[in-house]
Amino acid sequence: MSADRLTRRNLLQLCALTTGAAVATACGGAPGPAPTATEAPVQAPETTSAPEPTTAPAVASRYAEAPSLAAQVASGALPPVEERLPLEPLVVEPYAEVGQYSEDLHRVLTGPSDLAGHRVILQEGFVRWDRWDSQRGELKVIPNIAKGWDVSEDGRSYTFYLRQGMRWSDGEPFTADDIMFWYEAIALNKELSPAFPSWLVVGDEPPVISKVDDYAVKFTFPVPFGLLLQFMAFEGGPTVIAPKHYLSQFHPDYADADELATKIEEAGFEHWYELFADRNSTMNNPECPVVWAWKVEQPFPAQRMISVRNPYYWKVDPEGKQLPYFERVVVDLAENNEVVMMKTIAGEVDMQYRHMGFANYSLLKENEEKGGYEVRHWIGGPFPCVYVNQSWTGDPVVQDLLRNRDFRHALSYGINREEMNDLFWFGLATPGNPVGSTRDPFYKEGYGTTAIEYDPDRANELLDSIGLDQRDGEGFRLRSDGQRLRLLLECYPHEMGVPGIDIFGQVAGYWQQLGIDAQARELGRDLWGERADGNECMMPCYDIAKILWILDPGWFVPYGWCYWAPAFALWALNPEAGMEPPEEIKEIIDWYNQLKQEPDETKRLELGRMILDRHNENIYVIGTCSIDIQPMIVKNGIVNVPTEAPAEYRTYHEGIAWPFQLWRRK
């Protein structure tokens with residue numbers, strides 16, 4: 001693969017083989033401390049060990065189980081619940097009240113390409129985000145699969161302690177060997193993983209993972225890793241485990257060669273790693289064991305995707321009832337968003353904000369009584385942006401303009417954001433450029449306000465000053481080579497409150513008024529992704545992260561992927577695979593590398609603000625208006641859904657509601 005075609009999509013495809021099982025007001029009850037949506041700094045542990053986020057471990061005599069599991073115990077198909085739980089199950093304090101066993105939790109997605117909407121409900125990691133709490137004003141990392149951890153004084157070593165007696169969904173023991181299998185057989189195997197997962201690399205070297213004993217593993221890094229726990233709560237936790245007892249039969253280091261060859265042929269594959277990836281797909285292979293609350297039993301493309309209760313799930317409520325409360329998660333297949341809305345209004349959705357965009361808010365509110373649901377306001381929503389590609393090479397004259405700060409400032413001055421707010425978002429959005437969010441710990445007063453006032457006179461003055469002062473017979477500006485200046489904005493259909501093509505078409509119209517021949521074009525999602533990741537888009541248009549961007553840094557740092565500088569982002573991980581950036585962007589990459597290593601929170605905040613300061617000054621990404629209202633549908637009778645919470649990818653979307661503690665009041 002040539003360096004210029006090693007795109008983010010390629011990297012994600014390669015890394016997918018390393019991710020294993022991965023990839024996240026009670027009705028009628030008085031809630032406890034309400035989770036809120038005002039993000040504050042994500043704290044690294046200040047002590048060297050983390051306590052259980054629970055009450056004392058439940059007493060064995062108090063354990064109870066779902067009726068369906070009790071029946072299997074009675075028939076001899078399952079061992080008693082005490083034998084299925086670890087010695088120290090995680091005791092979960094429900095959001096509002098202890099629940100009762102319920103039947104099906106109903107959701108709706110648009111098919112196999114929409115599986116992220118199911119994965120966030122199911123998956124479990126080493127650690128997880130605590131419930132959101134505005135009174136505490138923080139989003140903490142708490143134990144989950146790992147019951148605790150120790151951090152060395154130099155911040156280079158993390159020892160994670162597992163739950164003795166914990167089991168996979170098929171009853172096999174879950175031990176340190178499953179982590180070592182992921183590390184040795186998957187992450188370090190060049191055929192499965194040509195590149196070690198970048199989120200786990202710090203100081204340009206992957207960690208050494210070692211087995212301490214059957215229930216403890218140690219991660220040792222070449223330099224301090226100040227963000228490891230936060231990465232574990234985001235994308236890393238589900239990644240680093242794999243069911244060795246099941247997957248080893250598909251791996252040449254463990255399986256009999258002849259038997260493996262037969263399996264490859266029977267499955268219709270050419271290579272062992274294709275078979276391995278297929279069998280390791282927990283969303284598509286019902287045979288692959290998991291440690292989640294529910295296990296996929298019937299995958300898409302069936303009309304319904306059905307996941308069933310894991311009889312060996314390792315969490316209980318304070319009364320000793322084994323979780324989850326719901327027997328199944330049933331996901332209906334809808335061919336498009338319109339069908340999703342129809343099913344929601346018909347009362348067929350229990351708990352979901354996916355596909356419930358701001359554009360549907362009025363429709364959803366009008367039909368609350370008919371559908372038997374409540375529309376809650378979770379915090380999040382789109383911020384449509386134009387990414388000014390700093391590494392675009394399609395035309396050297398335009399490339400120079402895209403890299404000119406005065407040119408970007410002129411484009412920003414040329415957008416009438418107040419008009420757009422009234423036109424598209426009923427005046428409820430916040431005009432600005434994307435430089436973090438007021439809910440982001442790195443935010444400083446004044447971020448995002450540079451050049452956001454609508455000032456076409458100032459915009460024209462700047463454009464004239466950089467040599468774009470000549471026009472053709474139709475009034476369009478001429479480039480230095482005498483050709484008409486053309487800009488192309490490219491988007492794909494995305495939930496932004498209104499169709500993205502309308503938003504970016506409006507932006508293009510404002511720039512036409514400045515004498516720039518700007519056009520907006522809508523592509524299919526896959527094609528848009530290929531072009532944006534492949535450095536082929538002059539100006540890709542999309543949403544942007546508001547919080548926890550340090551865990552998904554491409555929004556503000558060219559690091560592995562980045563819509564505003566994709567070729568620079570490849571260079572950041574491998575100088576031979578991308579394009580060397582100018583010094584001002586090299587500094588951003590260097591600051592992020594320092595931030596990732598820094599164990600001291602105060603110093604991390606300083607480094608993060610240096611990155612955002614650079615964005616605030618230079619406007620590499622031009623924003624329109626940010627909407628922060630995300631409709632969350634909660635069916636009447638569904639208990640323990642937070643009144644409000646962050647609606648973000650980095651907090652695993654609806655997964656932050658802790659679906660394993662939801663239940664239905666009869």
# chains A, B, ... in the order shown; residues from 1 in each chain; ligands from 1
>>> residues_around(residues="Gln298 in chain A", least_positions_apart="2", cutoff="9 Å", atoms="only C-alpha atoms", output="list of chain:residue names")
A:Asn284, A:Asn285, A:Pro286, A:Val296, A:Phe300, A:Pro301, A:Ala302, A:Arg304, A:Met305, A:Ile306, A:Ser307
>>> write_last_selection(atoms="N, CA, C and O atoms", output="short mmCIF file (atom, residue, chain, number, x, y, z; two decimals), in the first residue's frame")
data_model
loop_
_atom_site.label_atom_id
_atom_site.label_comp_id
_atom_site.auth_asym_id
_atom_site.auth_seq_id
_atom_site.Cartn_x
_atom_site.Cartn_y
_atom_site.Cartn_z
N ASN A 284 -21.56 -10.27 15.00
CA ASN A 284 -22.04 -11.11 13.89
C ASN A 284 -21.91 -12.61 14.13
O ASN A 284 -22.54 -13.38 13.42
N ASN A 285 -21.10 -13.00 15.09
CA ASN A 285 -20.87 -14.42 15.36
C ASN A 285 -21.44 -14.79 16.72
O ASN A 285 -20.79 -14.55 17.75
N PRO A 286 -22.62 -15.40 16.79
CA PRO A 286 -23.23 -15.75 18.07
C PRO A 286 -22.42 -16.77 18.87
O PRO A 286 -22.66 -16.92 20.08
N VAL A 296 -25.14 -11.45 21.64
CA VAL A 296 -25.88 -11.50 20.38
C VAL A 296 -26.24 -12.96 20.06
O VAL A 296 -25.37 -13.82 20.02
N PHE A 300 -28.00 -9.08 12.68
CA PHE A 300 -28.43 -8.61 11.38
C PHE A 300 -27.72 -9.46 10.33
O PHE A 300 -26.65 -10.01 10.61
N PRO A 301 -28.30 -9.69 9.13
CA PRO A 301 -29.36 -8.89 8.51
C PRO A 301 -30.78 -9.39 8.76
O PRO A 301 -31.68 -9.08 7.97
N ALA A 302 -31.01 -10.19 9.77
CA ALA A 302 -32.39 -10.55 10.10
C ALA A 302 -33.18 -9.29 10.42
O ALA A 302 -32.61 -8.23 10.73
N ARG A 304 -34.79 -8.63 12.93
CA ARG A 304 -34.58 -8.27 14.32
C ARG A 304 -33.23 -8.81 14.78
O ARG A 304 -32.92 -9.97 14.55
N MET A 305 -32.46 -7.95 15.41
CA MET A 305 -31.23 -8.39 16.04
C MET A 305 -31.56 -8.63 17.52
O MET A 305 -32.05 -7.73 18.20
N ILE A 306 -31.27 -9.83 18.00
CA ILE A 306 -31.67 -10.20 19.35
C ILE A 306 -30.43 -10.58 20.16
O ILE A 306 -29.62 -11.41 19.72
N SER A 307 -30.29 -9.97 21.31
CA SER A 307 -29.23 -10.31 22.25
C SER A 307 -29.87 -10.80 23.54
O SER A 307 -30.83 -10.21 24.03
#
>>> residues_around(residues="Trp549 in chain A", least_positions_apart="2", cutoff="12 Å", atoms="only C-alpha atoms", output="MDAnalysis selection string")
chainID A and resid 41:42 230:231 234 434:437 439:443 544:547 551:557 559 592 596 608 611:612 648:651
>>> select_by_dssp(residues="range 343-491 of chain A", states="helix (DSSP H, G or I)", output="MDAnalysis selection string")
chainID A and resid 343:345 358:366 368:371 396:402 405:413 417:425 456:465
>>> atom_distance(atom1="CA of Tyr361 in chain A", atom2="CA of Ile415 in chain A")
25.9 Å
>>> closest_atom_pairs(of="range 259-356 of chain A", to="range 138-148 of chain A", cutoff="12 Å", atoms="only C-alpha atoms", output="CSV")
residue,atom,partner,partner_atom,distance
A:Val291,CA,A:Ile145,CA,8.7
A:Trp292,CA,A:Ile145,CA,9.9
A:Ala293,CA,A:Ile145,CA,11.9
A:Tyr313,CA,A:Ile145,CA,10.6
A:Trp314,CA,A:Ile145,CA,8.5
A:Lys315,CA,A:Asn144,CA,9.2
>>> write_last_selection(atoms="N, CA, C and O atoms", output="compact mmCIF listing (two decimals), in the first residue's frame")
# COMPACT_ATOMS: atom_id res chain seq x y z
N VAL A 291 -18.23 -11.12 27.75
CA VAL A 291 -18.40 -10.89 29.18
C VAL A 291 -19.45 -9.81 29.42
O VAL A 291 -19.56 -9.26 30.51
N TRP A 292 -20.23 -9.50 28.40
CA TRP A 292 -21.22 -8.44 28.47
C TRP A 292 -22.50 -8.92 29.14
O TRP A 292 -22.70 -10.11 29.37
N ALA A 293 -23.39 -7.98 29.42
CA ALA A 293 -24.67 -8.31 30.05
C ALA A 293 -25.56 -9.13 29.12
O ALA A 293 -26.33 -9.99 29.57
N TYR A 313 -23.06 -13.17 33.88
CA TYR A 313 -22.74 -11.75 34.07
C TYR A 313 -22.36 -11.50 35.52
O TYR A 313 -22.97 -12.05 36.44
N TRP A 314 -21.42 -10.63 35.75
CA TRP A 314 -20.67 -10.52 36.99
C TRP A 314 -21.05 -9.30 37.83
O TRP A 314 -20.28 -8.88 38.70
N LYS A 315 -22.24 -8.75 37.59
CA LYS A 315 -22.72 -7.62 38.39
C LYS A 315 -24.03 -7.98 39.08
O LYS A 315 -24.84 -8.73 38.52
>>> closest_residue(among="A:Leu607, A:Ile633, A:Ile585, A:Ala520", to="Ile345 in chain A", atoms="only C-alpha atoms")
A:Ile633
>>> residues_around(residues="range 200-204 of chain A", least_positions_apart="6", cutoff="8 Å", atoms="only C-alpha atoms", output="list in words")
Phe221, Pro222, Val223, Pro224, Phe225, Leu228, Gly236, Asn593, Lys596 and Gln597 of chain A
>>> write_last_selection(atoms="N, CA and C atoms", output="PDB file, in the first residue's frame")
ATOM      1  N   PHE A 221       5.060   0.836  30.191  1.00  0.00           N
ATOM      2  CA  PHE A 221       5.280   1.731  29.064  1.00  0.00           C
ATOM      3  C   PHE A 221       6.689   2.309  29.116  1.00  0.00           C
ATOM      4  N   PRO A 222       7.229   2.731  27.963  1.00  0.00           N
ATOM      5  CA  PRO A 222       8.582   3.291  27.961  1.00  0.00           C
ATOM      6  C   PRO A 222       8.660   4.658  28.634  1.00  0.00           C
ATOM      7  N   VAL A 223       7.541   5.359  28.680  1.00  0.00           N
ATOM      8  CA  VAL A 223       7.454   6.677  29.316  1.00  0.00           C
ATOM      9  C   VAL A 223       6.138   6.721  30.093  1.00  0.00           C
ATOM     10  N   PRO A 224       5.938   7.696  30.953  1.00  0.00           N
ATOM     11  CA  PRO A 224       4.650   7.790  31.657  1.00  0.00           C
ATOM     12  C   PRO A 224       3.481   7.902  30.685  1.00  0.00           C
ATOM     13  N   PHE A 225       2.352   7.333  31.074  1.00  0.00           N
ATOM     14  CA  PHE A 225       1.137   7.383  30.251  1.00  0.00           C
ATOM     15  C   PHE A 225       0.034   7.986  31.120  1.00  0.00           C
ATOM     16  N   LEU A 228      -3.883   6.757  30.312  1.00  0.00           N
ATOM     17  CA  LEU A 228      -4.229   5.361  30.066  1.00  0.00           C
ATOM     18  C   LEU A 228      -5.625   5.016  30.562  1.00  0.00           C
ATOM     19  N   GLY A 236     -10.273   1.568  24.796  1.00  0.00           N
ATOM     20  CA  GLY A 236      -9.320   0.526  25.113  1.00  0.00           C
ATOM     21  C   GLY A 236      -9.840  -0.625  25.931  1.00  0.00           C
ATOM     22  N   ASN A 593       1.581  14.820  22.093  1.00  0.00           N
ATOM     23  CA  ASN A 593       2.401  13.714  22.596  1.00  0.00           C
ATOM     24  C   ASN A 593       2.826  13.955  24.037  1.00  0.00           C
ATOM     25  N   LYS A 596      -0.282  13.383  26.311  1.00  0.00           N
ATOM     26  CA  LYS A 596      -0.612  11.976  26.486  1.00  0.00           C
ATOM     27  C   LYS A 596       0.281  11.321  27.536  1.00  0.00           C
ATOM     28  N   GLN A 597       1.521  11.800  27.632  1.00  0.00           N
ATOM     29  CA  GLN A 597       2.458  11.221  28.580  1.00  0.00           C
ATOM     30  C   GLN A 597       2.381  11.842  29.969  1.00  0.00           C
TER      31      GLN A 597
END
>>> closest_residue(among="A:Met420, A:Ile622, A:Val316, A:Val127", to="Arg84 in chain A", atoms="only C-alpha atoms")
A:Val316
>>> atom_distance(atom1="CA of Lys365 in chain A", atom2="CA of Ala647 in chain A")
18.6 Å
>>> residues_around(residues="range 402-412 of chain A", least_positions_apart="2", cutoff="6 Å", atoms="only C-alpha atoms", output="PyMOL selection string")
chain A and resi 390+399-400+414-415+451+459+462+618
>>> closest_residue(among="A:Gly560, A:Pro599, A:Gly268, A:Pro646", to="Ala195 in chain A", atoms="only C-alpha atoms")
A:Gly560
>>> closest_residue(among="A:Val397, A:Leu105, A:Ala518, A:Val621", to="Gly467 in chain A", atoms="only C-alpha atoms")
A:Val397
>>> residues_around(residues="Ile241 in chain A", least_positions_apart="2", cutoff="6 Å", atoms="only C-alpha atoms", output="ChimeraX atom specification")
/A:178-179,182,239
>>> select_by_dssp(residues="range 411-591 of chain A", states="strand (DSSP E)", output="list in words")
Thr430, Pro431, Arg486, Leu487, Leu488, Leu489, Glu490, Cys491, Asp517, Ala518, Gln519, Ala520, Arg521, Glu522, Met539, Pro540, Cys541 and Tyr542 of chain A
>>> write_last_selection(atoms="N, CA, C and O atoms", output="PDB file, in the first residue's frame")
ATOM      1  N   THR A 430     -25.706  28.015  19.283  1.00  0.00           N
ATOM      2  CA  THR A 430     -24.701  29.002  19.667  1.00  0.00           C
ATOM      3  C   THR A 430     -23.731  29.202  18.512  1.00  0.00           C
ATOM      4  O   THR A 430     -22.987  28.282  18.155  1.00  0.00           O
ATOM      5  N   PRO A 431     -23.694  30.386  17.900  1.00  0.00           N
ATOM      6  CA  PRO A 431     -22.750  30.638  16.809  1.00  0.00           C
ATOM      7  C   PRO A 431     -21.310  30.580  17.314  1.00  0.00           C
ATOM      8  O   PRO A 431     -21.015  30.957  18.450  1.00  0.00           O
ATOM      9  N   ARG A 486     -12.211  28.698  -7.071  1.00  0.00           N
ATOM     10  CA  ARG A 486     -13.316  27.793  -6.771  1.00  0.00           C
ATOM     11  C   ARG A 486     -13.007  27.007  -5.503  1.00  0.00           C
ATOM     12  O   ARG A 486     -11.883  26.541  -5.305  1.00  0.00           O
ATOM     13  N   LEU A 487     -14.006  26.857  -4.651  1.00  0.00           N
ATOM     14  CA  LEU A 487     -13.909  26.028  -3.453  1.00  0.00           C
ATOM     15  C   LEU A 487     -15.018  24.985  -3.494  1.00  0.00           C
ATOM     16  O   LEU A 487     -16.143  25.283  -3.901  1.00  0.00           O
ATOM     17  N   LEU A 488     -14.698  23.774  -3.052  1.00  0.00           N
ATOM     18  CA  LEU A 488     -15.676  22.694  -3.041  1.00  0.00           C
ATOM     19  C   LEU A 488     -15.829  22.158  -1.633  1.00  0.00           C
ATOM     20  O   LEU A 488     -14.874  21.662  -1.028  1.00  0.00           O
ATOM     21  N   LEU A 489     -17.049  22.264  -1.090  1.00  0.00           N
ATOM     22  CA  LEU A 489     -17.383  21.738   0.228  1.00  0.00           C
ATOM     23  C   LEU A 489     -18.091  20.399   0.038  1.00  0.00           C
ATOM     24  O   LEU A 489     -19.066  20.324  -0.726  1.00  0.00           O
ATOM     25  N   GLU A 490     -17.629  19.352   0.723  1.00  0.00           N
ATOM     26  CA  GLU A 490     -18.197  18.022   0.538  1.00  0.00           C
ATOM     27  C   GLU A 490     -18.713  17.472   1.872  1.00  0.00           C
ATOM     28  O   GLU A 490     -17.994  17.479   2.871  1.00  0.00           O
ATOM     29  N   CYS A 491     -19.955  16.991   1.859  1.00  0.00           N
ATOM     30  CA  CYS A 491     -20.577  16.441   3.057  1.00  0.00           C
ATOM     31  C   CYS A 491     -21.295  15.147   2.694  1.00  0.00           C
ATOM     32  O   CYS A 491     -21.350  14.761   1.530  1.00  0.00           O
ATOM     33  N   ASP A 517     -16.245  31.387  -6.018  1.00  0.00           N
ATOM     34  CA  ASP A 517     -17.125  30.396  -6.641  1.00  0.00           C
ATOM     35  C   ASP A 517     -17.107  29.137  -5.764  1.00  0.00           C
ATOM     36  O   ASP A 517     -16.378  28.178  -6.034  1.00  0.00           O
ATOM     37  N   ALA A 518     -17.918  29.140  -4.717  1.00  0.00           N
ATOM     38  CA  ALA A 518     -17.979  28.031  -3.766  1.00  0.00           C
ATOM     39  C   ALA A 518     -19.223  27.199  -4.023  1.00  0.00           C
ATOM     40  O   ALA A 518     -20.306  27.743  -4.260  1.00  0.00           O
ATOM     41  N   GLN A 519     -19.059  25.887  -3.969  1.00  0.00           N
ATOM     42  CA  GLN A 519     -20.160  24.959  -4.190  1.00  0.00           C
ATOM     43  C   GLN A 519     -20.138  23.894  -3.098  1.00  0.00           C
ATOM     44  O   GLN A 519     -19.074  23.489  -2.629  1.00  0.00           O
ATOM     45  N   ALA A 520     -21.327  23.418  -2.707  1.00  0.00           N
ATOM     46  CA  ALA A 520     -21.455  22.319  -1.748  1.00  0.00           C
ATOM     47  C   ALA A 520     -21.958  21.088  -2.477  1.00  0.00           C
ATOM     48  O   ALA A 520     -22.848  21.188  -3.332  1.00  0.00           O
ATOM     49  N   ARG A 521     -21.384  19.939  -2.135  1.00  0.00           N
ATOM     50  CA  ARG A 521     -21.752  18.684  -2.793  1.00  0.00           C
ATOM     51  C   ARG A 521     -21.984  17.603  -1.743  1.00  0.00           C
ATOM     52  O   ARG A 521     -21.204  17.470  -0.799  1.00  0.00           O
ATOM     53  N   GLU A 522     -23.068  16.848  -1.901  1.00  0.00           N
ATOM     54  CA  GLU A 522     -23.370  15.752  -0.984  1.00  0.00           C
ATOM     55  C   GLU A 522     -22.984  14.425  -1.632  1.00  0.00           C
ATOM     56  O   GLU A 522     -23.366  14.140  -2.767  1.00  0.00           O
ATOM     57  N   MET A 539     -12.336  20.597   1.200  1.00  0.00           N
ATOM     58  CA  MET A 539     -13.015  21.075   2.401  1.00  0.00           C
ATOM     59  C   MET A 539     -14.076  20.061   2.828  1.00  0.00           C
ATOM     60  O   MET A 539     -15.262  20.219   2.529  1.00  0.00           O
ATOM     61  N   PRO A 540     -13.676  18.996   3.527  1.00  0.00           N
ATOM     62  CA  PRO A 540     -14.683  18.069   4.051  1.00  0.00           C
ATOM     63  C   PRO A 540     -15.515  18.748   5.128  1.00  0.00           C
ATOM     64  O   PRO A 540     -15.009  19.580   5.887  1.00  0.00           O
ATOM     65  N   CYS A 541     -16.791  18.422   5.175  1.00  0.00           N
ATOM     66  CA  CYS A 541     -17.712  19.079   6.112  1.00  0.00           C
ATOM     67  C   CYS A 541     -18.369  18.028   6.997  1.00  0.00           C
ATOM     68  O   CYS A 541     -18.882  17.014   6.496  1.00  0.00           O
ATOM     69  N   TYR A 542     -18.384  18.300   8.295  1.00  0.00           N
ATOM     70  CA  TYR A 542     -18.881  17.292   9.230  1.00  0.00           C
ATOM     71  C   TYR A 542     -19.097  17.954  10.583  1.00  0.00           C
ATOM     72  O   TYR A 542     -18.971  19.153  10.768  1.00  0.00           O
TER      73      TYR A 542
END
>>> closest_residue(among="A:Glu191, A:Glu103, A:Glu205, A:Glu259", to="Ala277 in chain A", atoms="only C-alpha atoms")
A:Glu191
